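Here the structure comes first, spelled out in structure tokens, and everything after it is commentary.
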Amino acid sequence: MARLTGSRPAATRRWGCAAAFLLLLLTVQAAQKADFSGDSTAATINHSLTLLQRLQELLQNGNGSDSVLRVRSAASDEPKVFHTHQLLLSLQSEVFESLLHNQSVVTLYEPPETAALFEKFIRYLYCGGVSILLHQAIPMHQLASKYRVWGLQRGVAEYMRTHLASESSQGHVVGWYHYAVRVGDAALQESCLQFLAWNLSAVLGSAEWGSVSVELLLLLLERSDLVLHSELELYAAVESWLSRRQPEAPVAERVLRAIRYPMIAPSQLFRLQAQSAVLARHRAAVQDLLFQAFQFHAASPLHFAKYFDVNCSMFLPRNYLAPSWGSQWVITNPARDDRSTSFQTQLGPSSHDAGKRVTWNALFSPRWLPVSLRPVYSDSVAGAIPPVRIEDGRPRLVITPAMSSPDFAGVTFQKTVLVGVRQQGRVLVKHAYSFHQSSDEAADFLLHADLQKRTSEYLIDNSLHLHIIIKPVYHSLIKVKK
């Protein structure tokens, strides 16, 4: 809301012209690129920092002000008053240009959280820079959007995307996701979703888990790339969410039916039925899934697949960190030599396969060269070997089974490699590479990672932290009977 309070005096209009000239000088100085044509006497004289300081002093002292912003908030009886300059506000914001077109005093009404940052916001309009904290990102983005300061809006959105890993007492990623949905920022939504999926265990035990909306929870439960210790850990978190939020019965039942019960061992399923108050309350809604899970564990996968469709998400493992699903691999000095390791996993999630193990061999090469870059020896030109540089190579990870078995019938293996990095003091998943049995290696594995530098963001204490997960996937050899 804005109110007209009077016209500007001639002195302030003259100051506006002077400010226009000052800003024009700054713009020309920053944008001009002189062509000195090799003149050795040429030099650039740059006083732009001094000019920025002068602009900041204009706001601070109110010298030559030709407009006044009065910011009112429900949190305070007294408005915050800013003596400003129309030219500078109008150049940055078309909204201010419209508000100040025929009036010099404007009253603005802001919620307490945005009113608290209004001084920072105005300072950005004068100086083109602002520092913010995690809890200030949303209100600053709201101010930038409301007043159509597009550069600041993009800058805050980028800040949010690059600070998902930052640690805060109450958490912030869930709140940022919900805000991104409200404002329609698809890129921020996807960044938040991916971070939550790959680092779900860090969120499950935090204060922000209770603030997850129904829509976000269902989106997460649909995903097969969730990284967590086990499906049982996910059930416990869902039970906690349901107990805290107490949603309507249809919502609770939809959430419970998204749990992949066949991925939970029968002994744990029995315990849940006996001890879970949430499961007891909604038993009728998931009874068919529990019964199917017990059947899955009791029969051989091949026999089970004759009668049930196993090609669905219910029988597809997520990225479980439990030892039976894979192994952590910390490679020290990964830029030095090729490395190898072996580990074992359970053949499949079915209890019928619980005692069967598959041995896997993994080979890591820091400087593998594709065929196109390998040296070629030629008799026509003696010694003509194209130069090969270390930096031409790229990291390579190959994972192969060390054995074959008739038990593999009806089972394929999806391999997932998690790459952990230290961000903001925490070790989190930065990348997840997935590839199937038909391929022995991850395509584009760490393609842009510079492991030669000890300061590489992919190294933790000069070590590469990987976690290899083997996901057995059952498929039908015989058409399911209807």
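Residue numbering restarts at 1 in every chain; chains get A, B, ... in the order shown in the structure tokens, and ligands count up from 1 in that same order.
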Find the spatial neighbours of segment 455-465 of chain A, counting only C-alpha atoms, within a cut-off of 6 Å - ignore same-chain residues fewer than 2 positions away - and output them as a PDB file with N, CA, C and O atoms, in the first residue's frame.
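Result written to part07.pdb:
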ATOM      1  N   VAL A 330      37.111 -47.085   1.457  1.00  0.00           N
ATOM      2  CA  VAL A 330      37.866 -45.843   1.603  1.00  0.00           C
ATOM      3  C   VAL A 330      39.207 -46.033   0.910  1.00  0.00           C
ATOM      4  O   VAL A 330      40.013 -46.874   1.323  1.00  0.00           O
ATOM      5  N   ILE A 331      39.452 -45.262  -0.133  1.00  0.00           N
ATOM      6  CA  ILE A 331      40.672 -45.386  -0.934  1.00  0.00           C
ATOM      7  C   ILE A 331      41.598 -44.233  -0.580  1.00  0.00           C
ATOM      8  O   ILE A 331      41.322 -43.072  -0.906  1.00  0.00           O
ATOM      9  N   THR A 332      42.703 -44.535   0.094  1.00  0.00           N
ATOM     10  CA  THR A 332      43.660 -43.492   0.449  1.00  0.00           C
ATOM     11  C   THR A 332      44.536 -43.160  -0.754  1.00  0.00           C
ATOM     12  O   THR A 332      44.870 -44.030  -1.560  1.00  0.00           O
ATOM     13  N   ASN A 333      44.899 -41.896  -0.866  1.00  0.00           N
ATOM     14  CA  ASN A 333      45.704 -41.419  -1.989  1.00  0.00           C
ATOM     15  C   ASN A 333      45.191 -41.971  -3.323  1.00  0.00           C
ATOM     16  O   ASN A 333      45.909 -42.677  -4.041  1.00  0.00           O
ATOM     17  N   GLY A 420      30.911 -40.121  -1.116  1.00  0.00           N
ATOM     18  CA  GLY A 420      30.741 -39.241   0.029  1.00  0.00           C
ATOM     19  C   GLY A 420      31.737 -38.094   0.003  1.00  0.00           C
ATOM     20  O   GLY A 420      32.891 -38.260  -0.380  1.00  0.00           O
ATOM     21  N   VAL A 421      31.284 -36.914   0.400  1.00  0.00           N
ATOM     22  CA  VAL A 421      32.158 -35.740   0.482  1.00  0.00           C
ATOM     23  C   VAL A 421      31.892 -35.050   1.817  1.00  0.00           C
ATOM     24  O   VAL A 421      30.862 -35.261   2.462  1.00  0.00           O
ATOM     25  N   LYS A 453      44.446 -33.245  -7.131  1.00  0.00           N
ATOM     26  CA  LYS A 453      44.616 -32.167  -6.162  1.00  0.00           C
ATOM     27  C   LYS A 453      44.202 -32.634  -4.774  1.00  0.00           C
ATOM     28  O   LYS A 453      43.116 -33.181  -4.598  1.00  0.00           O
TER      29      LYS A 453
END
Alpha helix (DSSP H) residues, from DSSP on the backbone, in segment 79-249 of chain A, as JSON, numbers by chain: {"A": [86, 87, 88, 89, 90, 91, 92, 94, 95, 96, 97, 98, 99, 112, 113, 114, 115, 118, 119, 120, 121, 122, 123, 124, 125, 126, 127, 137, 138, 139, 140, 141, 142, 143, 144, 145, 146, 150, 151, 152, 153, 154, 155, 156, 157, 158, 159, 160, 161, 162, 173, 174, 175, 176, 177, 178, 179, 180, 181, 182, 183, 186, 187, 188, 189, 190, 191, 192, 193, 194, 195, 196, 197, 198, 200, 201, 202, 203, 204, 214, 215, 216, 217, 218, 219, 220, 221, 222, 231, 232, 233, 234, 235, 236, 237, 238, 239, 240, 241, 242, 243, 244, 245, 249]}
For Asn311 of chain A, find every residue with an atom within 9 Å (counting only C-alpha atoms), except residues of its own chain fewer than 5 positions away, and show them as a list in words.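 These residues fall inside the cut-off: Leu316, Val473, Tyr474, His475 and Ser476 of chain A.
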Okay, now the selection with all heavy atoms, as an mmCIF file, in the first residue's frame?
data_model
loop_
_atom_site.group_PDB
_atom_site.id
_atom_site.type_symbol
_atom_site.label_atom_id
_atom_site.label_comp_id
_atom_site.auth_asym_id
_atom_site.auth_seq_id
_atom_site.Cartn_x
_atom_site.Cartn_y
_atom_site.Cartn_z
ATOM 1 N N LEU A 316 11.674 -54.177 -5.165
ATOM 2 C CA LEU A 316 12.932 -53.550 -5.569
ATOM 3 C C LEU A 316 13.594 -52.913 -4.359
ATOM 4 O O LEU A 316 13.010 -52.038 -3.712
ATOM 5 C CB LEU A 316 12.675 -52.480 -6.640
ATOM 6 C CG LEU A 316 13.913 -51.740 -7.164
ATOM 7 C CD1 LEU A 316 14.854 -52.711 -7.876
ATOM 8 C CD2 LEU A 316 13.497 -50.613 -8.111
ATOM 9 N N VAL A 473 17.652 -57.840 -8.071
ATOM 10 C CA VAL A 473 16.334 -57.563 -8.632
ATOM 11 C C VAL A 473 15.784 -58.862 -9.207
ATOM 12 O O VAL A 473 16.375 -59.449 -10.119
ATOM 13 C CB VAL A 473 16.418 -56.488 -9.731
ATOM 14 C CG1 VAL A 473 15.035 -56.212 -10.303
ATOM 15 C CG2 VAL A 473 17.038 -55.207 -9.183
ATOM 16 N N TYR A 474 14.667 -59.326 -8.650
ATOM 17 C CA TYR A 474 14.036 -60.540 -9.164
ATOM 18 C C TYR A 474 13.215 -60.214 -10.412
ATOM 19 O O TYR A 474 12.638 -59.138 -10.530
ATOM 20 C CB TYR A 474 13.109 -61.146 -8.108
ATOM 21 C CG TYR A 474 13.816 -61.661 -6.879
ATOM 22 C CD1 TYR A 474 13.569 -61.122 -5.627
ATOM 23 C CD2 TYR A 474 14.743 -62.699 -6.973
ATOM 24 C CE1 TYR A 474 14.207 -61.595 -4.495
ATOM 25 C CE2 TYR A 474 15.391 -63.176 -5.841
ATOM 26 C CZ TYR A 474 15.124 -62.624 -4.614
ATOM 27 O OH TYR A 474 15.763 -63.099 -3.501
ATOM 28 N N HIS A 475 13.165 -61.169 -11.318
ATOM 29 C CA HIS A 475 12.290 -61.004 -12.472
ATOM 30 C C HIS A 475 11.681 -62.336 -12.827
ATOM 31 O O HIS A 475 12.226 -63.399 -12.523
ATOM 32 C CB HIS A 475 13.048 -60.412 -13.676
ATOM 33 C CG HIS A 475 14.244 -61.230 -14.085
ATOM 34 N ND1 HIS A 475 14.175 -62.280 -14.972
ATOM 35 C CD2 HIS A 475 15.562 -61.134 -13.729
ATOM 36 C CE1 HIS A 475 15.372 -62.787 -15.154
ATOM 37 N NE2 HIS A 475 16.242 -62.129 -14.418
ATOM 38 N N SER A 476 10.520 -62.273 -13.473
ATOM 39 C CA SER A 476 9.769 -63.494 -13.778
ATOM 40 C C SER A 476 10.360 -64.218 -14.984
ATOM 41 O O SER A 476 10.600 -63.614 -16.030
ATOM 42 C CB SER A 476 8.298 -63.143 -14.067
ATOM 43 O OG SER A 476 7.739 -62.471 -12.955
#
One number please: atom CA of His448 of chain A to atom CA of Arg394 of chain A, in Å, one decimal.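 Between these atoms lies a distance of 8.4 Å.
Note that the spacing between atom CA of Thr412 of chain A and atom CA of Ile470 of chain A amounts to 9.9 Å.
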Would you return as an mmCIF file with N, CA and C atoms, in the first residue's frame the members of segment 48-288 of chain A that DSSP assigns to strand (DSSP E or B) on this structure's backbone?
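For reference, states-v5.cif as written:
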data_model
loop_
_atom_site.group_PDB
_atom_site.id
_atom_site.type_symbol
_atom_site.label_atom_id
_atom_site.label_comp_id
_atom_site.auth_asym_id
_atom_site.auth_seq_id
_atom_site.Cartn_x
_atom_site.Cartn_y
_atom_site.Cartn_z
ATOM 1 N N SER A 67 13.032 10.420 -1.752
ATOM 2 C CA SER A 67 11.903 9.522 -1.494
ATOM 3 C C SER A 67 12.077 8.888 -0.122
ATOM 4 N N VAL A 68 10.959 8.506 0.480
ATOM 5 C CA VAL A 68 10.963 7.912 1.814
ATOM 6 C C VAL A 68 10.138 6.632 1.785
ATOM 7 N N LEU A 69 10.708 5.552 2.300
ATOM 8 C CA LEU A 69 9.979 4.294 2.462
ATOM 9 C C LEU A 69 9.695 4.083 3.941
ATOM 10 N N ARG A 70 8.443 3.881 4.257
ATOM 11 C CA ARG A 70 8.027 3.592 5.643
ATOM 12 C C ARG A 70 7.548 2.139 5.665
ATOM 13 N N VAL A 71 8.289 1.294 6.344
ATOM 14 C CA VAL A 71 7.994 -0.141 6.369
ATOM 15 C C VAL A 71 7.323 -0.485 7.690
ATOM 16 N N ARG A 72 6.081 -0.906 7.594
ATOM 17 C CA ARG A 72 5.309 -1.253 8.794
ATOM 18 C C ARG A 72 5.191 -2.770 8.896
ATOM 19 N N SER A 73 5.157 -3.241 10.146
ATOM 20 C CA SER A 73 5.047 -4.670 10.409
ATOM 21 C C SER A 73 4.203 -4.889 11.648
ATOM 22 N N SER A 76 5.812 -4.590 15.177
ATOM 23 C CA SER A 76 6.255 -3.324 15.766
ATOM 24 C C SER A 76 5.233 -2.232 15.509
ATOM 25 N N ASP A 77 5.034 -1.373 16.504
ATOM 26 C CA ASP A 77 4.106 -0.259 16.335
ATOM 27 C C ASP A 77 4.726 0.868 15.524
ATOM 28 N N GLU A 78 6.053 1.005 15.597
ATOM 29 C CA GLU A 78 6.752 2.059 14.903
ATOM 30 C C GLU A 78 7.272 1.568 13.554
ATOM 31 N N PRO A 79 7.026 2.298 12.503
ATOM 32 C CA PRO A 79 7.547 1.875 11.186
ATOM 33 C C PRO A 79 9.049 2.134 11.089
ATOM 34 N N LYS A 80 9.725 1.352 10.238
ATOM 35 C CA LYS A 80 11.118 1.619 9.903
ATOM 36 C C LYS A 80 11.126 2.603 8.737
ATOM 37 N N VAL A 81 11.919 3.642 8.867
ATOM 38 C CA VAL A 81 11.930 4.701 7.865
ATOM 39 C C VAL A 81 13.269 4.682 7.129
ATOM 40 N N PHE A 82 13.208 4.682 5.796
ATOM 41 C CA PHE A 82 14.408 4.688 4.962
ATOM 42 C C PHE A 82 14.348 5.887 4.020
ATOM 43 N N HIS A 83 15.336 6.779 4.110
ATOM 44 C CA HIS A 83 15.449 7.908 3.198
ATOM 45 C C HIS A 83 16.252 7.439 1.985
ATOM 46 N N THR A 84 15.585 7.369 0.859
ATOM 47 C CA THR A 84 16.163 6.708 -0.317
ATOM 48 C C THR A 84 16.207 7.666 -1.510
ATOM 49 N N VAL A 105 6.634 9.636 -0.737
ATOM 50 C CA VAL A 105 6.573 8.870 0.507
ATOM 51 C C VAL A 105 5.671 7.670 0.282
ATOM 52 N N VAL A 106 6.213 6.491 0.543
ATOM 53 C CA VAL A 106 5.468 5.255 0.310
ATOM 54 C C VAL A 106 5.469 4.434 1.589
ATOM 55 N N THR A 107 4.310 3.930 1.975
ATOM 56 C CA THR A 107 4.200 3.045 3.131
ATOM 57 C C THR A 107 4.052 1.609 2.646
ATOM 58 N N LEU A 108 4.914 0.750 3.133
ATOM 59 C CA LEU A 108 4.915 -0.657 2.747
ATOM 60 C C LEU A 108 4.577 -1.515 3.953
ATOM 61 N N TYR A 109 3.810 -2.548 3.734
ATOM 62 C CA TYR A 109 3.441 -3.463 4.817
ATOM 63 C C TYR A 109 4.099 -4.811 4.562
ATOM 64 N N VAL A 227 18.726 -43.418 0.299
ATOM 65 C CA VAL A 227 19.899 -43.979 0.963
ATOM 66 C C VAL A 227 19.631 -44.008 2.465
ATOM 67 N N LEU A 228 19.569 -45.207 3.027
ATOM 68 C CA LEU A 228 19.327 -45.372 4.454
ATOM 69 C C LEU A 228 19.780 -46.763 4.862
#
Residues near Leu226 of chain A, cut-off 10 Å, only C-alpha atoms, skip fewer than 5 positions along chain, as a list of chain:residue names: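 Within the cut-off, the hits are A:Gln194, A:Phe195, A:Leu196, A:Ala197, A:Trp198, A:Asn199, A:Leu200, A:Ser201, A:Leu220, A:Leu221, A:Glu231, A:Leu234, A:Pro317, A:Arg318, A:Asn319, A:Tyr320.
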Go ahead and save the picked residues with N, CA, C and O atoms, as a CSV table (one decimal), in the first residue's frame.
chain,number,residue,atom,x,y,z
A,194,GLN,N,16.6,-34.4,-4.2
A,194,GLN,CA,17.7,-35.3,-4.4
A,194,GLN,C,18.6,-35.3,-3.2
A,194,GLN,O,19.0,-36.4,-2.7
A,195,PHE,N,18.8,-34.2,-2.5
A,195,PHE,CA,19.5,-34.1,-1.3
A,195,PHE,C,18.9,-35.0,-0.2
A,195,PHE,O,19.5,-35.8,0.5
A,196,LEU,N,17.5,-34.8,-0.1
A,196,LEU,CA,16.8,-35.6,1.0
A,196,LEU,C,16.9,-37.1,0.7
A,196,LEU,O,17.0,-37.9,1.6
A,197,ALA,N,16.8,-37.5,-0.6
A,197,ALA,CA,16.8,-38.9,-0.9
A,197,ALA,C,18.2,-39.5,-0.6
A,197,ALA,O,18.3,-40.6,-0.1
A,198,TRP,N,19.3,-38.8,-1.0
A,198,TRP,CA,20.6,-39.4,-0.8
A,198,TRP,C,21.1,-39.3,0.6
A,198,TRP,O,22.1,-39.9,1.0
A,199,ASN,N,20.5,-38.4,1.4
A,199,ASN,CA,21.0,-38.2,2.8
A,199,ASN,C,19.8,-38.4,3.8
A,199,ASN,O,19.7,-37.6,4.8
A,200,LEU,N,18.9,-39.3,3.5
A,200,LEU,CA,17.7,-39.4,4.3
A,200,LEU,C,17.9,-39.7,5.7
A,200,LEU,O,17.2,-39.2,6.6
A,201,SER,N,18.9,-40.6,6.0
A,201,SER,CA,19.1,-41.0,7.4
A,201,SER,C,19.5,-39.8,8.3
A,201,SER,O,19.1,-39.7,9.4
A,220,LEU,N,9.0,-39.1,-1.5
A,220,LEU,CA,10.2,-39.8,-1.0
A,220,LEU,C,9.9,-41.3,-1.0
A,220,LEU,O,10.8,-42.1,-1.4
A,221,LEU,N,8.8,-41.7,-0.5
A,221,LEU,CA,8.5,-43.2,-0.4
A,221,LEU,C,8.4,-43.8,-1.7
A,221,LEU,O,8.6,-45.1,-1.8
A,231,GLU,N,15.1,-50.9,5.3
A,231,GLU,CA,13.7,-50.5,5.2
A,231,GLU,C,13.0,-50.4,6.6
A,231,GLU,O,12.1,-49.6,6.8
A,234,LEU,N,13.3,-47.0,7.8
A,234,LEU,CA,12.3,-46.1,7.1
A,234,LEU,C,11.0,-46.3,7.8
A,234,LEU,O,10.2,-45.3,8.0
A,317,PRO,N,14.8,-53.3,-4.0
A,317,PRO,CA,15.5,-52.7,-2.8
A,317,PRO,C,15.8,-51.3,-3.1
A,317,PRO,O,16.0,-50.8,-4.2
A,318,ARG,N,15.9,-50.5,-2.0
A,318,ARG,CA,16.4,-49.1,-2.1
A,318,ARG,C,17.9,-49.2,-1.9
A,318,ARG,O,18.5,-50.3,-1.9
A,319,ASN,N,18.5,-48.1,-1.7
A,319,ASN,CA,20.0,-48.1,-1.4
A,319,ASN,C,20.3,-48.3,0.0
A,319,ASN,O,20.5,-47.3,0.8
A,320,TYR,N,20.3,-49.6,0.5
A,320,TYR,CA,20.5,-49.9,1.9
A,320,TYR,C,22.0,-49.9,2.2
A,320,TYR,O,22.8,-50.5,1.5
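Take the candidates A:Asp440, A:Glu57, A:Asp450, A:Glu113 and check each one against Thr400 of chain A using only C-alpha atoms; the shortest distance goes to A:Asp440.
Closest approach to Pro401 of chain A among A:Glu441, A:Asp337, A:Glu97, A:Glu222 is made by A:Glu441 (distances from only C-alpha atoms).
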Distance of atom CA of Ser131 of chain A from atom CA of Leu49 of chain A, expressed in Å to one decimal place: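 About the pair atom CA of Leu49 of chain A and atom CA of Ser131 of chain A: they are 17.3 Å apart.
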Closest of A:Tyr179, A:Trp360, A:Tyr261, A:Trp209 to Phe315 of chain A, counting only C-alpha atoms, is A:Tyr261
Quick one: residues within 9 Å of Gln189 of chain A, only C-alpha atoms, excluding same-chain residues fewer than 6 positions away - as a list in words?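 Contacts, in chain order: Trp176, Tyr177, His178, Tyr179, Ala180 and Val181 of chain A.
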For Gly175 of chain A: contacts at 9 Å, only C-alpha atoms, fewer than 4 positions along chain excluded, given as a list in words: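 My reading of the contact set: Ile138, Gly171, Tyr179, Ala180, Glu208, Ser211 and Val212 of chain A.
Once Glu167 of chain A and its same-chain neighbours fewer than 5 positions away are set aside, Leu134, His172, Val173, Gln423, Gln424, Gly425 and Arg426 of chain A remain within 10 Å of it when counting only C-alpha atoms.
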Convert the current residue selection to file output with all heavy atoms, as an mmCIF file, in the first residue's frame.
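The new file out_29.cif reads:
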data_model
loop_
_atom_site.group_PDB
_atom_site.id
_atom_site.type_symbol
_atom_site.label_atom_id
_atom_site.label_comp_id
_atom_site.auth_asym_id
_atom_site.auth_seq_id
_atom_site.Cartn_x
_atom_site.Cartn_y
_atom_site.Cartn_z
ATOM 1 N N LEU A 134 21.312 -18.901 6.726
ATOM 2 C CA LEU A 134 20.364 -19.921 6.269
ATOM 3 C C LEU A 134 18.918 -19.526 6.539
ATOM 4 O O LEU A 134 18.053 -19.653 5.664
ATOM 5 C CB LEU A 134 20.673 -21.256 6.961
ATOM 6 C CG LEU A 134 22.006 -21.931 6.609
ATOM 7 C CD1 LEU A 134 22.212 -23.161 7.473
ATOM 8 C CD2 LEU A 134 22.056 -22.305 5.129
ATOM 9 N N HIS A 172 16.784 -27.190 7.462
ATOM 10 C CA HIS A 172 16.235 -26.176 6.564
ATOM 11 C C HIS A 172 15.830 -26.731 5.207
ATOM 12 O O HIS A 172 15.069 -26.088 4.489
ATOM 13 C CB HIS A 172 17.268 -25.057 6.351
ATOM 14 C CG HIS A 172 18.596 -25.563 5.853
ATOM 15 N ND1 HIS A 172 19.535 -26.108 6.694
ATOM 16 C CD2 HIS A 172 19.135 -25.631 4.616
ATOM 17 C CE1 HIS A 172 20.595 -26.467 5.994
ATOM 18 N NE2 HIS A 172 20.374 -26.203 4.723
ATOM 19 N N VAL A 173 16.303 -27.913 4.835
ATOM 20 C CA VAL A 173 16.059 -28.423 3.485
ATOM 21 C C VAL A 173 14.575 -28.682 3.266
ATOM 22 O O VAL A 173 14.027 -28.371 2.200
ATOM 23 C CB VAL A 173 16.885 -29.695 3.224
ATOM 24 C CG1 VAL A 173 16.636 -30.196 1.806
ATOM 25 C CG2 VAL A 173 18.370 -29.423 3.435
ATOM 26 N N GLN A 423 30.963 -31.747 3.473
ATOM 27 C CA GLN A 423 30.375 -30.448 3.183
ATOM 28 C C GLN A 423 29.900 -29.826 4.481
ATOM 29 O O GLN A 423 29.137 -30.446 5.234
ATOM 30 C CB GLN A 423 29.199 -30.575 2.201
ATOM 31 C CG GLN A 423 29.619 -31.028 0.808
ATOM 32 C CD GLN A 423 28.448 -31.063 -0.158
ATOM 33 O OE1 GLN A 423 27.302 -31.159 0.229
ATOM 34 N NE2 GLN A 423 28.749 -30.979 -1.444
ATOM 35 N N GLN A 424 30.365 -28.596 4.716
ATOM 36 C CA GLN A 424 29.977 -27.870 5.917
ATOM 37 C C GLN A 424 30.201 -28.710 7.176
ATOM 38 O O GLN A 424 29.398 -28.717 8.105
ATOM 39 C CB GLN A 424 28.494 -27.450 5.829
ATOM 40 C CG GLN A 424 28.122 -26.724 4.554
ATOM 41 C CD GLN A 424 28.773 -25.358 4.451
ATOM 42 O OE1 GLN A 424 28.987 -24.693 5.444
ATOM 43 N NE2 GLN A 424 29.105 -24.951 3.235
ATOM 44 N N GLY A 425 31.310 -29.457 7.199
ATOM 45 C CA GLY A 425 31.665 -30.232 8.376
ATOM 46 C C GLY A 425 31.000 -31.586 8.480
ATOM 47 O O GLY A 425 31.257 -32.327 9.440
ATOM 48 N N ARG A 426 30.154 -31.960 7.518
ATOM 49 C CA ARG A 426 29.461 -33.254 7.564
ATOM 50 C C ARG A 426 29.811 -34.090 6.347
ATOM 51 O O ARG A 426 30.058 -33.556 5.272
ATOM 52 C CB ARG A 426 27.940 -33.052 7.615
ATOM 53 C CG ARG A 426 27.446 -32.336 8.852
ATOM 54 C CD ARG A 426 25.930 -32.430 8.963
ATOM 55 N NE ARG A 426 25.253 -31.724 7.884
ATOM 56 C CZ ARG A 426 23.943 -31.814 7.648
ATOM 57 N NH1 ARG A 426 23.195 -32.613 8.393
ATOM 58 N NH2 ARG A 426 23.388 -31.132 6.674
#
